[in-house]
$ cat entry.txt   # compact mmCIF, C-alpha atoms
# COMPACT_ATOMS: atom_id res chain seq x y z
CA MET A 1 -27.65 -11.62 29.59
CA ALA A 2 -23.95 -11.01 29.06
CA ASN A 3 -21.78 -11.30 32.08
CA LEU A 4 -20.22 -8.07 33.45
CA ARG A 5 -16.77 -9.58 33.68
CA ASP A 6 -16.91 -10.88 30.09
CA ILE A 7 -17.76 -7.45 28.75
CA ARG A 8 -14.99 -5.85 30.77
CA ARG A 9 -12.54 -8.36 29.37
CA ARG A 10 -13.62 -7.67 25.80
CA ILE A 11 -13.31 -3.92 26.25
CA LYS A 12 -9.79 -4.40 27.51
CA SER A 13 -8.76 -6.58 24.57
CA VAL A 14 -10.26 -4.21 21.99
CA LYS A 15 -8.45 -1.32 23.68
CA ASN A 16 -5.16 -3.18 23.33
CA THR A 17 -5.77 -3.81 19.65
CA ALA A 18 -6.67 -0.16 19.11
CA GLN A 19 -3.41 0.88 20.75
CA ILE A 20 -1.40 -1.32 18.41
CA THR A 21 -3.20 -0.22 15.26
CA ARG A 22 -2.85 3.39 16.33
CA ALA A 23 0.89 3.01 16.81
CA MET A 24 1.18 1.36 13.40
CA GLN A 25 -0.84 4.15 11.87
CA LEU A 26 1.54 6.77 13.25
CA VAL A 27 4.62 4.88 12.11
CA ALA A 28 3.15 4.42 8.63
CA ALA A 29 2.21 8.10 8.46
CA ALA A 30 5.77 9.18 9.23
CA LYS A 31 7.24 6.76 6.69
CA MET A 32 4.57 7.68 4.17
CA LYS A 33 5.59 11.33 4.13
CA LYS A 34 9.17 10.42 3.38
CA ALA A 35 8.29 7.83 0.73
CA GLN A 36 5.81 10.15 -0.97
CA ASP A 37 8.33 12.99 -1.14
CA GLN A 38 10.91 10.64 -2.61
CA ALA A 39 8.46 9.32 -5.20
CA MET A 40 7.30 12.78 -6.22
CA ALA A 41 10.87 14.10 -6.46
CA GLY A 42 11.86 11.22 -8.72
CA ARG A 43 8.97 11.88 -11.09
CA ASP A 44 10.45 15.11 -12.46
CA TYR A 45 13.65 13.43 -13.51
CA SER A 46 12.08 10.32 -14.96
CA SER A 47 9.48 12.26 -16.93
CA GLN A 48 12.19 14.53 -18.37
CA LEU A 49 14.18 11.45 -19.23
CA ASN A 50 11.08 10.08 -21.00
CA ALA A 51 10.75 13.33 -22.89
CA VAL A 52 14.37 13.34 -24.07
CA LEU A 53 14.13 9.71 -25.10
CA SER A 54 10.94 10.21 -27.05
CA ASP A 55 12.52 13.23 -28.78
CA ILE A 56 15.50 11.14 -29.80
CA SER A 57 13.37 8.35 -31.17
CA ALA A 58 11.07 10.81 -32.94
CA SER A 59 13.85 12.66 -34.68
CA ASP A 60 16.04 9.77 -35.66
CA SER A 61 14.66 6.34 -36.37
CA ASP A 62 17.30 4.86 -38.69
CA GLU A 63 20.55 5.64 -36.97
CA ALA A 64 19.37 5.19 -33.44
CA THR A 65 19.46 1.47 -32.76
CA HIS A 66 20.48 -0.35 -29.64
CA PRO A 67 20.12 -3.96 -28.38
CA LEU A 68 17.76 -2.77 -25.65
CA LEU A 69 15.37 -1.47 -28.30
CA GLU A 70 15.21 -4.71 -30.25
CA VAL A 71 11.68 -6.04 -30.67
CA ARG A 72 11.61 -9.84 -30.90
CA GLU A 73 8.98 -12.22 -32.15
CA GLY A 74 8.80 -14.69 -29.26
CA ASP A 75 6.52 -14.48 -26.25
CA ARG A 76 8.81 -15.54 -23.41
CA GLU A 77 8.00 -13.02 -20.75
CA LEU A 78 9.77 -11.99 -17.57
CA VAL A 79 7.82 -9.98 -15.02
CA LEU A 80 9.17 -7.94 -12.14
CA VAL A 81 6.52 -8.01 -9.43
CA VAL A 82 6.77 -5.33 -6.77
CA SER A 83 4.79 -6.04 -3.61
CA THR A 84 5.21 -5.42 0.11
CA ASP A 85 7.12 -7.43 2.70
CA LYS A 86 4.51 -6.99 5.38
CA GLY A 87 0.76 -7.25 5.30
CA LEU A 88 -1.82 -5.07 7.04
CA CYS A 89 -1.97 -2.65 4.16
CA GLY A 90 -5.51 -3.12 2.92
CA PRO A 91 -6.24 -4.53 -0.52
CA LEU A 92 -2.93 -3.30 -2.01
CA ASN A 93 -1.28 -6.65 -2.71
CA THR A 94 -4.53 -8.27 -3.81
CA ASN A 95 -5.02 -5.51 -6.37
CA VAL A 96 -1.49 -5.90 -7.69
CA ALA A 97 -2.02 -9.67 -7.92
CA LYS A 98 -5.25 -9.11 -9.87
CA LYS A 99 -3.44 -6.82 -12.29
CA LEU A 100 -0.72 -9.43 -12.62
CA ARG A 101 -3.20 -12.14 -13.60
CA ALA A 102 -5.00 -9.85 -16.02
CA THR A 103 -2.00 -8.50 -17.91
CA THR A 104 0.65 -11.21 -18.03
CA SER A 105 0.62 -14.60 -19.72
CA ASP A 106 0.41 -17.84 -17.73
CA THR A 107 3.80 -18.99 -18.93
CA ALA A 108 5.66 -15.93 -17.73
CA ASP A 109 8.55 -16.20 -15.30
CA TYR A 110 8.97 -13.85 -12.38
CA VAL A 111 11.42 -11.72 -10.47
CA THR A 112 10.03 -10.50 -7.17
CA VAL A 113 10.49 -7.66 -4.75
CA GLY A 114 8.50 -8.08 -1.56
CA ARG A 115 7.52 -11.20 0.34
CA LYS A 116 3.74 -11.10 -0.07
CA LEU A 117 3.40 -11.79 -3.76
CA ARG A 118 6.45 -14.00 -3.77
CA THR A 119 4.67 -16.47 -1.51
CA MET A 120 1.58 -16.16 -3.68
CA LEU A 121 3.58 -17.00 -6.81
CA GLU A 122 5.34 -19.86 -5.03
CA LYS A 123 1.99 -21.35 -4.10
CA THR A 124 0.80 -21.20 -7.70
CA GLN A 125 3.93 -23.06 -8.87
CA LYS A 126 5.38 -20.22 -10.96
CA THR A 127 9.06 -19.96 -11.78
CA ILE A 128 10.74 -17.28 -9.71
CA LEU A 129 14.11 -16.38 -11.19
CA ALA A 130 15.28 -14.10 -8.41
CA ASP A 131 14.07 -12.26 -5.36
CA PHE A 132 15.40 -8.89 -4.24
CA GLN A 133 15.18 -7.42 -0.76
CA VAL A 134 14.76 -3.66 -0.88
CA PRO A 135 15.35 -1.73 2.35
CA ASP A 136 13.50 1.41 3.37
CA PRO A 137 14.11 4.13 2.10
CA VAL A 138 14.81 2.73 -1.38
CA PRO A 139 18.50 3.06 -2.31
CA PHE A 140 19.26 3.74 -5.98
CA ALA A 141 22.01 1.10 -5.95
CA GLU A 142 19.38 -1.59 -5.37
CA ALA A 143 17.36 -0.43 -8.37
CA ARG A 144 20.55 -0.51 -10.44
CA ALA A 145 21.21 -4.11 -9.42
CA ILE A 146 17.68 -5.18 -10.34
CA ALA A 147 17.79 -3.30 -13.65
CA ALA A 148 21.16 -4.87 -14.48
CA PHE A 149 19.75 -8.34 -13.78
CA LEU A 150 16.67 -7.76 -15.95
CA SER A 151 18.71 -6.24 -18.80
CA LYS A 152 21.09 -9.18 -18.74
CA GLN A 153 18.24 -11.68 -19.05
CA PHE A 154 16.88 -9.72 -21.99
CA LEU A 155 20.22 -9.21 -23.74
CA ASP A 156 21.11 -12.89 -23.34
CA LYS A 157 17.94 -13.55 -25.34
CA LYS A 158 16.44 -15.67 -22.57
CA TYR A 159 13.31 -13.54 -22.64
CA ASP A 160 11.67 -11.47 -25.35
CA LYS A 161 9.86 -9.08 -23.10
CA VAL A 162 10.37 -7.72 -19.61
CA SER A 163 7.61 -5.90 -17.75
CA ILE A 164 7.01 -4.48 -14.30
CA VAL A 165 3.81 -4.84 -12.30
CA TYR A 166 3.54 -2.44 -9.39
CA ALA A 167 1.14 -0.04 -7.69
CA ARG A 168 1.38 3.56 -8.86
CA PHE A 169 0.90 6.24 -6.26
CA VAL A 170 -1.88 8.72 -7.03
CA ASN A 171 -2.64 10.11 -3.61
CA THR A 172 -2.87 8.81 -0.07
CA LEU A 173 -6.27 7.23 -0.65
CA THR A 174 -5.79 6.02 -4.22
CA GLN A 175 -3.34 3.55 -5.67
CA VAL A 176 -3.53 2.20 -9.18
CA PRO A 177 -1.96 -1.15 -9.99
CA GLU A 178 -0.08 -0.80 -13.25
CA MET A 179 1.82 -2.87 -15.80
CA ILE A 180 4.60 -1.23 -17.78
CA THR A 181 6.82 -2.76 -20.43
CA LEU A 182 10.43 -2.24 -19.49
CA LEU A 183 12.23 -4.06 -22.30
CA PRO A 184 12.39 -3.72 -25.21
CA VAL A 185 12.39 -0.03 -24.40
CA GLN A 186 9.39 1.61 -25.95
CA PRO A 187 10.04 5.32 -26.14
CA PRO A 188 7.04 6.94 -24.47
CA GLU A 189 4.70 9.20 -26.38
CA ALA A 190 5.59 12.79 -25.69
CA THR A 191 2.92 14.79 -23.93
CA GLU A 192 2.90 18.42 -22.97
CA ASP A 193 2.57 17.82 -19.23
CA ASP A 194 5.60 15.53 -19.30
CA GLY A 195 7.63 18.64 -19.92
CA ALA A 196 8.44 17.52 -23.43
CA ILE A 197 9.35 20.07 -25.97
CA ALA A 198 6.26 19.85 -28.12
CA GLY A 199 5.84 20.91 -31.68
CA ARG A 200 9.51 20.70 -32.54
CA THR A 201 10.29 21.73 -36.07
CA THR A 202 13.95 20.90 -36.34
CA ASP A 203 15.78 17.62 -36.27
CA HIS A 204 18.18 17.19 -33.42
CA LEU A 205 21.92 17.27 -33.61
CA PHE A 206 23.63 14.60 -31.58
CA GLU A 207 26.87 14.91 -29.78
CA PRO A 208 29.00 12.77 -29.93
CA SER A 209 26.66 10.61 -32.10
CA PRO A 210 23.10 9.27 -31.96
CA ALA A 211 24.29 5.74 -31.22
CA GLU A 212 26.52 6.86 -28.36
CA VAL A 213 23.90 9.11 -26.83
CA LEU A 214 21.41 6.28 -27.00
CA ALA A 215 23.91 3.78 -25.60
CA SER A 216 24.29 5.83 -22.45
CA ILE A 217 20.73 7.06 -22.09
CA LEU A 218 18.98 3.69 -22.42
CA PRO A 219 20.61 1.91 -19.46
CA LEU A 220 19.93 5.04 -17.43
CA TYR A 221 16.31 4.97 -18.54
CA VAL A 222 15.92 1.31 -17.54
CA ASN A 223 17.49 2.02 -14.14
CA PHE A 224 15.12 4.87 -13.59
CA GLN A 225 12.03 2.96 -14.62
CA VAL A 226 12.87 0.32 -12.02
CA TYR A 227 13.81 2.91 -9.40
CA GLN A 228 10.61 4.86 -9.95
CA ALA A 229 8.50 1.68 -9.74
CA LEU A 230 10.14 0.82 -6.42
CA LEU A 231 9.61 4.32 -5.07
CA GLU A 232 5.98 4.41 -6.12
CA SER A 233 5.30 1.00 -4.59
CA ARG A 234 6.91 2.05 -1.37
CA ALA A 235 4.85 5.22 -1.22
CA THR A 236 1.63 3.30 -1.88
CA GLU A 237 2.53 0.67 0.70
CA HIS A 238 2.90 3.18 3.49
CA SER A 239 -0.17 5.15 2.40
CA ALA A 240 -2.30 2.02 2.18
CA ARG A 241 -1.08 0.84 5.56
CA MET A 242 -1.80 4.17 7.16
CA VAL A 243 -5.33 4.23 5.74
CA ALA A 244 -5.98 0.61 6.75
CA MET A 245 -4.69 1.19 10.26
CA LYS A 246 -6.70 4.36 10.64
CA ALA A 247 -9.83 2.46 9.66
CA ALA A 248 -8.95 -0.26 12.16
CA THR A 249 -8.40 2.25 14.95
CA ASP A 250 -11.68 3.99 14.19
CA ASN A 251 -13.53 0.68 14.18
CA ALA A 252 -11.98 -0.32 17.48
CA LYS A 253 -13.03 3.01 19.01
CA LYS A 254 -16.59 2.53 17.82
CA PHE A 255 -16.59 -0.97 19.21
CA ILE A 256 -15.31 0.21 22.58
CA LYS A 257 -18.08 2.80 22.73
CA GLU A 258 -20.75 0.18 22.03
CA LEU A 259 -19.31 -2.24 24.55
CA THR A 260 -19.08 0.45 27.23
CA LEU A 261 -22.72 1.31 26.67
CA GLN A 262 -23.67 -2.34 27.00
CA TYR A 263 -21.48 -2.68 30.08
CA ASN A 264 -23.18 0.27 31.78
CA LYS A 265 -26.62 -1.04 30.92
CA VAL A 266 -25.84 -4.42 32.43
CA ARG A 267 -24.31 -2.77 35.50
CA GLN A 268 -27.39 -0.59 36.03
CA ALA A 269 -29.70 -3.56 35.60
CA ALA A 270 -27.71 -5.45 38.22
CA ILE A 271 -27.96 -2.54 40.68
CA THR A 272 -31.70 -2.19 40.08
CA ALA A 273 -32.18 -5.89 40.64
CA GLU A 274 -30.18 -5.72 43.87
CA LEU A 275 -32.17 -2.72 45.17
CA LEU A 276 -35.37 -4.53 44.33
CA GLU A 277 -34.24 -7.51 46.32
CA ILE A 278 -33.31 -5.39 49.34
CA THR A 279 -36.62 -3.50 49.33
CA THR A 280 -38.57 -6.72 48.96
CA ALA A 281 -36.67 -8.23 51.87
CA MET A 282 -37.38 -5.15 54.04
CA LYS A 283 -41.08 -5.23 53.21
CA ALA A 284 -41.21 -8.89 54.12
CA MET A 285 -39.62 -8.24 57.50
CA GLU A 286 -42.06 -5.49 58.53
CA MET B 287 14.53 36.24 -27.05
CA SER B 288 15.50 34.23 -24.05
CA LEU B 289 16.32 30.69 -23.17
CA HIS B 290 14.45 28.57 -20.66
CA LEU B 291 16.83 26.47 -18.59
CA GLU B 292 15.84 23.50 -16.46
CA ILE B 293 18.26 21.55 -14.31
CA VAL B 294 16.83 18.32 -12.94
CA THR B 295 18.45 15.71 -10.71
CA PRO B 296 16.87 12.46 -9.48
CA GLU B 297 16.22 14.10 -6.11
CA ASN B 298 14.60 17.31 -7.29
CA LYS B 299 14.33 20.13 -9.78
CA ILE B 300 17.30 22.39 -9.07
CA PHE B 301 16.54 25.26 -11.40
CA SER B 302 13.81 26.32 -13.78
CA ASP B 303 13.84 29.84 -15.17
CA THR B 304 14.78 31.94 -18.18
CA VAL B 305 18.44 32.76 -18.70
CA ASP B 306 20.46 34.69 -21.31
CA ASN B 307 22.91 31.93 -22.08
CA VAL B 308 24.28 28.72 -20.65
CA TYR B 309 27.62 26.90 -20.94
CA LEU B 310 27.59 23.12 -20.61
CA PRO B 311 30.42 20.60 -20.16
CA GLY B 312 29.60 18.45 -23.22
CA ALA B 313 31.15 15.09 -23.98
CA ASP B 314 33.34 16.68 -26.68
CA GLY B 315 34.21 19.80 -24.72
CA GLU B 316 32.46 22.85 -23.37
CA MET B 317 29.64 24.27 -25.44
CA GLY B 318 27.81 27.56 -25.18
CA ILE B 319 24.08 27.67 -25.77
CA LEU B 320 22.44 30.91 -26.80
CA PRO B 321 18.76 31.54 -27.53
CA SER B 322 17.54 30.10 -30.86
CA HIS B 323 20.08 27.30 -30.70
CA ALA B 324 19.43 24.39 -33.05
CA GLY B 325 17.90 21.23 -31.63
CA LEU B 326 20.59 19.23 -29.88
CA VAL B 327 20.97 16.24 -27.64
CA THR B 328 24.31 15.82 -25.96
CA ALA B 329 25.92 13.70 -23.30
CA LEU B 330 27.44 15.67 -20.44
CA GLN B 331 30.58 14.90 -18.52
CA PRO B 332 31.21 15.96 -14.94
CA GLY B 333 32.29 19.58 -14.91
CA GLU B 334 31.15 23.13 -14.58
CA LEU B 335 27.91 24.65 -15.80
CA ARG B 336 27.58 28.43 -16.15
CA TYR B 337 24.58 30.50 -16.94
CA LEU B 338 24.01 34.22 -17.31
CA ARG B 339 20.91 35.67 -15.78
CA ASP B 340 20.16 39.37 -15.20
CA GLY B 341 23.80 40.23 -15.93
CA GLN B 342 25.08 37.81 -13.31
CA VAL B 343 27.02 34.66 -14.01
CA VAL B 344 26.04 31.71 -11.83
CA THR B 345 28.21 28.59 -11.78
CA MET B 346 27.49 25.07 -10.63
CA ALA B 347 29.32 21.75 -10.50
CA ILE B 348 27.35 19.06 -12.28
CA GLY B 349 27.76 15.33 -12.68
CA SER B 350 27.37 13.29 -15.83
CA GLY B 351 24.07 13.19 -17.66
CA PHE B 352 22.33 14.68 -20.67
CA ALA B 353 21.15 17.93 -22.08
CA GLU B 354 18.46 18.47 -24.63
CA ILE B 355 18.08 21.78 -26.40
CA ALA B 356 15.12 22.61 -28.60
CA GLU B 357 12.74 25.48 -29.19
CA ASN B 358 14.56 27.83 -26.82
CA LYS B 359 14.38 25.36 -24.02
CA ALA B 360 17.37 23.62 -22.45
CA ILE B 361 16.83 20.64 -20.21
CA VAL B 362 19.80 19.41 -18.22
CA LEU B 363 19.48 15.96 -16.67
CA THR B 364 22.30 15.15 -14.31
CA ASP B 365 22.98 13.06 -11.24
CA MET B 366 24.44 15.99 -9.31
CA ALA B 367 24.14 19.77 -9.38
CA LEU B 368 25.75 21.74 -6.61
CA GLY B 369 26.47 25.40 -6.03
CA GLU B 370 29.81 26.43 -4.57
CA SER B 371 28.49 26.75 -1.02
CA GLU B 372 26.91 23.30 -1.11
CA ILE B 373 30.17 21.44 -1.69
CA ASP B 374 31.86 20.17 1.44
CA GLU B 375 35.52 19.85 0.54
CA SER B 376 36.52 17.28 3.14
CA ALA B 377 33.43 15.13 2.56
CA THR B 378 34.10 15.17 -1.18
CA GLU B 379 37.73 14.17 -0.69
CA GLU B 380 36.56 11.41 1.60
CA ALA B 381 34.14 10.12 -1.04
CA ILE B 382 36.88 10.06 -3.69
CA LYS B 383 39.20 8.19 -1.34
CA ARG B 384 36.53 5.63 -0.50
CA ALA B 385 35.69 4.98 -4.13
CA GLU B 386 39.36 4.68 -5.10
CA GLU B 387 40.06 2.27 -2.26
CA LYS B 388 37.15 0.12 -3.27
CA LEU B 389 38.30 0.21 -6.86
CA HIS B 390 41.80 -0.95 -5.94
CA THR B 391 41.00 -3.59 -3.35
CA VAL B 392 38.27 -5.62 -4.99
CA GLU B 393 38.79 -4.80 -8.64
CA HIS B 394 39.49 -8.37 -9.72
CA ASN B 395 36.10 -9.73 -8.73
CA MET B 396 33.98 -6.83 -9.91
CA ASN B 397 32.23 -6.66 -13.25
CA SER B 398 32.85 -3.86 -15.68
CA GLU B 399 29.65 -2.12 -14.71
CA GLU B 400 30.65 -1.70 -11.08
CA VAL B 401 34.07 -0.43 -12.11
CA ALA B 402 32.42 2.08 -14.44
CA TYR B 403 30.12 3.13 -11.62
CA LEU B 404 33.01 3.75 -9.22
CA GLN B 405 34.98 5.62 -11.86
CA GLY B 406 31.87 7.70 -12.43
CA ILE B 407 31.76 8.60 -8.75
CA ILE B 408 35.43 9.57 -8.78
CA ALA B 409 35.02 11.73 -11.89
CA LYS B 410 31.94 13.41 -10.46
CA GLN B 411 33.43 14.16 -7.06
CA SER B 412 36.72 15.33 -8.58
CA ALA B 413 34.79 17.78 -10.74
CA ALA B 414 33.04 19.07 -7.63
CA LEU B 415 36.35 19.46 -5.84
CA ARG B 416 38.05 21.26 -8.74
CA PHE B 417 35.09 23.56 -8.95
CA LYS B 418 35.18 24.35 -5.25
CA ARG B 419 38.91 25.05 -5.20
CA LYS B 420 38.72 27.23 -8.29
CA HIS B 421 36.12 29.43 -6.69
CA GLN B 422 37.85 29.73 -3.38
CA ASN B 423 40.92 31.30 -4.94

$ encode --input "entry.txt" --output "structure tokens"
Amino acid sequence: MANLRDIRRRIKSVKNTAQITRAMQLVAAAKMKKAQDQAMAGRDYSSQLNAVLSDISASDSDEATHPLLEVREGDRELVLVVSTDKGLCGPLNTNVAKKLRATTSDTADYVTVGRKLRTMLEKTQKTILADFQVPDPVPFAEARAIAAFLSKQFLDKKYDKVSIVYARFVNTLTQVPEMITLLPVQPPEATEDDGAIAGRTTDHLFEPSPAEVLASILPLYVNFQVYQALLESRATEHSARMVAMKAATDNAKKFIKELTLQYNKVRQAAITAELLEITTAMKAME
Amino acid sequence: MSLHLEIVTPENKIFSDTVDNVYLPGADGEMGILPSHAGLVTALQPGELRYLRDGQVVTMAIGSGFAEIAENKAIVLTDMALGESEIDESATEEAIKRAEEKLHTVEHNMNSEEVAYLQGIIAKQSAALRFKRKHQN
């Protein structure tokens, strides 16, 4: 039979753990709200940007050319991997890593954001070109720096394709790991819910000229793709952590309940045994 | 016939409603957009945006960006859109000063992109300031 003191000690340790996970849950919840709002707010702009870009490419395919649009034959691939710096966020990073293995070639080189998958890639002997530290909340300047780095690699013809692997935020409980091709820029298909102007009948006029409009919109588009990926990852990180920590706290509570029950049972048994001994002793003395 | 205007910044959707007309600070000068305007994509420079709605003219300072007009819908994508009351004159002046200082002190070791970025900030904030002063008088 378990010792009373042992059980008491276990209850105490589980209580401590529960306190920590609960604190982490609250912190993650507060950060989650902020990150989610930021991610949702950014979606409007980036989807409108998508819509404008797809309109441009739909209306004018000959005149509108730009180095960032150039499709090349080779298969040298550069992948931006967005993961988290800290663990304790459920299966988030594992899912992103799975997506990474499924969608990118073995010979690809990497640029990383977040410590978790960087260490994973280091262990598997992959080439990591650069690593970026992104503070919380995500500053746009950081996204601009990353986008500039990726564009430069592409424009210098060191790579033929640049993609991003990250976790897209759906809601607090659901995250979908996703791979998007950043460069060459593939104008997205226009859909009605993107806010695109559907069923257009006229060709567009361009001011000052198609090439100039494209030259300024494409870098902006690349910046925003990176920025949005960072925002979404951040939102999923905090959501996943909150959910994981809530599960941990709930488990700890359940465990404490079970242990307390066991503790009381053992305590009662000890008292009964003691009473029995006393009564037996009394009877013997009569 | 009316025109649907949407003003979107990276932070949020500033405006989305039908208006009677809208004036935009295009790259080649100000342009007026009326309902049934031909399809158009234009770059915007920092300046003033005006729209007419229910007989009232509303003005805003906007940063650089794009506008797309098609099928009686105008989408304005910009990095800043502020009403007159939202512009803090001293904070704006401060931002211009900071950007200019940075531009002058470390210009030699910056790449062209950073310079362009800082110049963009100055242009944007100056537009906001001009707008604010114009409406105070």

$ closest_atom_pairs --input "entry.txt" --of "chain A" --to "chain B" --cutoff "8 Å" --atoms "all atoms listed in the file" --output "tab-separated table"
residue	atom	partner	partner_atom	distance
A:Gln38	CA	B:Glu297	CA	7.2
A:Ala41	CA	B:Asn298	CA	5.0
A:Gly42	CA	B:Pro296	CA	5.2
A:Asp44	CA	B:Lys299	CA	6.9
A:Tyr45	CA	B:Pro296	CA	5.2
A:Ser46	CA	B:Pro296	CA	7.6
A:Gln48	CA	B:Leu363	CA	7.6
A:Leu49	CA	B:Leu363	CA	7.4
A:Val52	CA	B:Glu354	CA	6.6
A:Ile56	CA	B:Val327	CA	7.8
A:Ile197	CA	B:Ala356	CA	6.8
A:Arg200	CA	B:Glu357	CA	6.7
A:Thr202	CA	B:Gly325	CA	6.2
A:Asp203	CA	B:Gly325	CA	6.2
A:His204	CA	B:Gly325	CA	4.4
A:Leu205	CA	B:Leu326	CA	4.4
A:Phe206	CA	B:Val327	CA	5.0
A:Glu207	CA	B:Thr328	CA	4.7
A:Pro208	CA	B:Asp314	CA	6.7
A:Val213	CA	B:Ala329	CA	6.1
A:Ile217	CA	B:Phe352	CA	7.9

$ atom_distance --input "entry.txt" --atom1 "atom CA of Ala35 of chain A" --atom2 "atom CA of Arg234 of chain A"
6.3 Å

$ axis_aligned_box --input "entry.txt" --around "segment 128-145 of chain A" --padding-each-side "8 Å" --output "AutoDock Vina command-line options"
--center_x 16.4 --center_y -6.6 --center_z -3.9 --size_x 27.3 --size_y 37.4 --size_z 30.6

$ closest_residue --input "entry.txt" --among "B:Glu334, B:Asp303, B:Glu316, B:Glu386" --to "Ile408 of chain B" --atoms "only C-alpha atoms"
B:Glu386

$ residues_around --input "entry.txt" --residues "segment 248-251 of chain A" --least-positions-apart "3" --cutoff "6 Å" --atoms "all atoms listed in the file" --output "number ranges by chain"
A: 18, 21-22, 245, 254

$ atom_distance --input "entry.txt" --atom1 "atom CA of Phe154 of chain A" --atom2 "atom CA of Val79 of chain A"
11.4 Å

$ residues_near_point --input "entry.txt" --point "(35.0, 15.1, -10.7)" --cutoff "12 Å" --atoms "all atoms listed in the file" --output "PyMOL selection string"
chain B and resi 311+331-334+347-350+366-367+378-379+381-382+404-418

$ atom_distance --input "entry.txt" --atom1 "atom CA of Thr304 of chain B" --atom2 "atom CA of Glu370 of chain B"
21.0 Å

$ residues_around --input "entry.txt" --residues "Ala130 of chain A" --least-positions-apart "5" --cutoff "9 Å" --atoms "all atoms listed in the file" --output "PDB file with C-alpha atoms, in the frame of the given file"
ATOM      1  CA  TYR A 110       8.970 -13.850 -12.380  1.00  0.00           C
ATOM      2  CA  VAL A 111      11.420 -11.720 -10.470  1.00  0.00           C
ATOM      3  CA  THR A 112      10.030 -10.500  -7.170  1.00  0.00           C
ATOM      4  CA  VAL A 113      10.490  -7.660  -4.750  1.00  0.00           C
TER       5      VAL A 113
END

$ residues_around --input "entry.txt" --residues "segment 259-276 of chain A" --least-positions-apart "5" --cutoff "7 Å" --atoms "all atoms listed in the file" --output "list in words"
Leu4, Ile7 and Ile11 of chain A

$ closest_residue --input "entry.txt" --among "A:Val96, A:Ala39, A:Ala252, A:Leu78" --to "Leu117 of chain A" --atoms "all atoms listed in the file"
A:Val96

$ residues_around --input "entry.txt" --residues "Ile180 of chain A" --least-positions-apart "4" --cutoff "12 Å" --atoms "all atoms listed in the file" --output "MDAnalysis selection string"
chainID A and resid 78:82 99:100 103:104 161:168 184:188 222 225:226 228:229

$ decode --input "entry.txt" --residues "segment 197-237 of chain A" --atoms "C-alpha atoms" --output "PDB file, in the first residue's frame"
ATOM      1  CA  ILE A 197     -13.870  42.670 -58.720  1.00  0.00           C
ATOM      2  CA  ALA A 198     -15.329  39.686 -60.507  1.00  0.00           C
ATOM      3  CA  GLY A 199     -16.713  39.520 -63.983  1.00  0.00           C
ATOM      4  CA  ARG A 200     -14.825  42.532 -65.252  1.00  0.00           C
ATOM      5  CA  THR A 201     -15.611  43.394 -68.821  1.00  0.00           C
ATOM      6  CA  THR A 202     -13.134  46.148 -69.526  1.00  0.00           C
ATOM      7  CA  ASP A 203      -9.384  46.139 -69.728  1.00  0.00           C
ATOM      8  CA  HIS A 204      -7.645  48.268 -67.185  1.00  0.00           C
ATOM      9  CA  LEU A 205      -5.923  51.542 -67.796  1.00  0.00           C
ATOM     10  CA  PHE A 206      -2.616  51.903 -66.026  1.00  0.00           C
ATOM     11  CA  GLU A 207      -1.193  55.020 -64.601  1.00  0.00           C
ATOM     12  CA  PRO A 208       1.695  55.812 -65.036  1.00  0.00           C
ATOM     13  CA  SER A 209       2.294  52.535 -66.973  1.00  0.00           C
ATOM     14  CA  PRO A 210       1.753  48.805 -66.456  1.00  0.00           C
ATOM     15  CA  ALA A 211       5.456  48.182 -65.928  1.00  0.00           C
ATOM     16  CA  GLU A 212       5.772  50.920 -63.319  1.00  0.00           C
ATOM     17  CA  VAL A 213       2.652  49.880 -61.449  1.00  0.00           C
ATOM     18  CA  LEU A 214       3.910  46.316 -61.399  1.00  0.00           C
ATOM     19  CA  ALA A 215       7.401  47.393 -60.344  1.00  0.00           C
ATOM     20  CA  SER A 216       6.030  49.006 -57.215  1.00  0.00           C
ATOM     21  CA  ILE A 217       3.262  46.547 -56.429  1.00  0.00           C
ATOM     22  CA  LEU A 218       5.336  43.350 -56.633  1.00  0.00           C
ATOM     23  CA  PRO A 219       7.884  44.158 -53.909  1.00  0.00           C
ATOM     24  CA  LEU A 220       4.976  45.277 -51.749  1.00  0.00           C
ATOM     25  CA  TYR A 221       3.216  42.002 -52.448  1.00  0.00           C
ATOM     26  CA  VAL A 222       6.290  39.967 -51.490  1.00  0.00           C
ATOM     27  CA  ASN A 223       6.678  41.974 -48.270  1.00  0.00           C
ATOM     28  CA  PHE A 224       3.091  41.354 -47.395  1.00  0.00           C
ATOM     29  CA  GLN A 225       3.190  37.652 -48.108  1.00  0.00           C
ATOM     30  CA  VAL A 226       6.088  37.326 -45.675  1.00  0.00           C
ATOM     31  CA  TYR A 227       4.475  39.629 -43.129  1.00  0.00           C
ATOM     32  CA  GLN A 228       1.191  37.762 -43.265  1.00  0.00           C
ATOM     33  CA  ALA A 229       2.954  34.393 -42.888  1.00  0.00           C
ATOM     34  CA  LEU A 230       4.750  35.692 -39.799  1.00  0.00           C
ATOM     35  CA  LEU A 231       1.539  37.062 -38.318  1.00  0.00           C
ATOM     36  CA  GLU A 232      -0.371  33.857 -38.946  1.00  0.00           C
ATOM     37  CA  SER A 233       2.389  31.743 -37.423  1.00  0.00           C
ATOM     38  CA  ARG A 234       2.483  33.934 -34.384  1.00  0.00           C
ATOM     39  CA  ALA A 235      -1.265  33.706 -33.933  1.00  0.00           C
ATOM     40  CA  THR A 236      -1.195  29.918 -34.271  1.00  0.00           C
ATOM     41  CA  GLU A 237       1.728  29.647 -31.860  1.00  0.00           C
TER      42      GLU A 237
END
